[in-house]
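Take a look at the structure below.
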Amino acid sequence: MSQALIRESIETLKVFFRHPLEEVARLPDWSWKRTFFTLATIAALSGFLAGLFPPGVWKLLQGLILFPILVTVMSSLLASFLYYYFQIFERRTVSFARLFTLVAFSLFPFFLFHIASSFFPPSDLFGLAMMAILLVVGLTENFGLEKKRSLRLIIVVFGLLFALWLMERVSVRNLVSSGVTTTL
């Protein structure tokens, strides 16, 4: 990305973080590459910062490399799910790139909460709840989905994400109780 695009992206993100509910209602018209790069960069930064507390080489690498990969894959899956939801249940085609942009922008507040997850694991749930709110607003305002339908759809998505989070927490607890360490 050029320096001008990077500066413009940073300015867009500053405005978004100040007024997320207003800004998610009018998403920027970014290219697929720009959205993907921004999402991966912010995920890497969030994962790295979360890995600093408590510090460990494995946690830092996990946050810097694995977390962005996981986030981009999960974001692509969520955007695909929403795309096919529109195809099947709404009987219309919407832009996949625009859906991916909505998912990415909805995730940005989650990354702030994720930094605290080493100290307070439920902070990820607060981030996911904020993501859910932004998805409802974004689907309603950008894609014309009826608010009630949008809310029901995102409650299902949030429920699935909550179940994944719960399984991850149980898995971590089992690893810790069996004596496996998570830091190097």
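Labels for the structure tokens follow display order: chains A, B, ..., residues from 1 in each chain, ligands from 1.
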
With DSSP run on the backbone, what are the alpha helix (DSSP H) residues within stretch 8-100 of chain A? I'd like them as a PyMOL selection string. chain A and resi 8-18+20-23+32-51+57-61+67-88+96-100

Could you list, as a compact mmCIF listing (two decimals) with C-alpha atoms, in the first residue's frame, every residue within 9 Å of A:Leu128, counting only C-alpha atoms and ignoring same-chain residues fewer than 6 positions away?
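Writing done, so here's out-v2.txt:
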```txt
# COMPACT_ATOMS: atom_id res chain seq x y z
CA LEU A 107 -13.96 -6.68 14.67
CA PRO A 109 -13.21 -2.93 18.84
CA PHE A 110 -12.77 -6.64 19.68
CA PHE A 113 -10.66 -5.85 24.37
CA PHE A 158 -22.69 -14.52 18.74
CA LEU A 161 -18.69 -17.52 18.92
CA PHE A 162 -19.51 -17.75 22.62
```

So that I can check the surroundings of A:Ser123, please list as a PyMOL selection string every protein, DNA and RNA residue that reaches within 7 Å of it, counting only C-alpha atoms and ignoring chain neighbours fewer than 4 positions away. chain A and resi 113-114+116-117+127

Please produce an output containing N, CA and C atoms for each residue in the selection, written as a PDB file, in the first residue's frame.
```pdb
ATOM      1  N   PHE A 113     -10.312  -5.024  23.207  1.00  0.00           N
ATOM      2  CA  PHE A 113     -10.656  -5.850  24.368  1.00  0.00           C
ATOM      3  C   PHE A 113      -9.748  -7.079  24.462  1.00  0.00           C
ATOM      4  N   HIS A 114      -9.320  -7.591  23.314  1.00  0.00           N
ATOM      5  CA  HIS A 114      -8.483  -8.797  23.301  1.00  0.00           C
ATOM      6  C   HIS A 114      -7.149  -8.572  24.013  1.00  0.00           C
ATOM      7  N   ALA A 116      -6.581  -7.187  26.734  1.00  0.00           N
ATOM      8  CA  ALA A 116      -6.743  -7.453  28.172  1.00  0.00           C
ATOM      9  C   ALA A 116      -7.079  -8.912  28.479  1.00  0.00           C
ATOM     10  N   SER A 117      -7.236  -9.742  27.465  1.00  0.00           N
ATOM     11  CA  SER A 117      -7.701 -11.118  27.688  1.00  0.00           C
ATOM     12  C   SER A 117      -6.724 -11.984  28.479  1.00  0.00           C
ATOM     13  N   GLY A 127     -15.657  -7.731  23.734  1.00  0.00           N
ATOM     14  CA  GLY A 127     -15.298  -7.382  22.362  1.00  0.00           C
ATOM     15  C   GLY A 127     -16.211  -8.038  21.346  1.00  0.00           C
TER      16      GLY A 127
END
```

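With only C-alpha atoms as the atoms that count, the residue of A:Phe105, A:Phe96, A:Phe36, A:Phe86 with the shortest distance to A:Thr72 is A:Phe36.
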
Give me the residues near A:Val24 as a list of chain:residue names, where near means some atom within 9 Å (using only C-alpha atoms) and where sequence neighbours in that chain fewer than 6 positions away do not count. A:Phe16, A:Leu102, A:Phe105, A:Ser106, A:Leu134, A:Leu135, A:Val137, A:Gly138, A:Glu141, A:Asn142

Between atom CA of A:Ala129 and atom CA of A:Phe89 - distance in Å to one decimal: 24.2 Å

What separation in Å, quoted to one decimal, exists between atom CA of A:Gln62 and atom CA of A:Gly47?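 These two atoms are separated by 7.4 Å.
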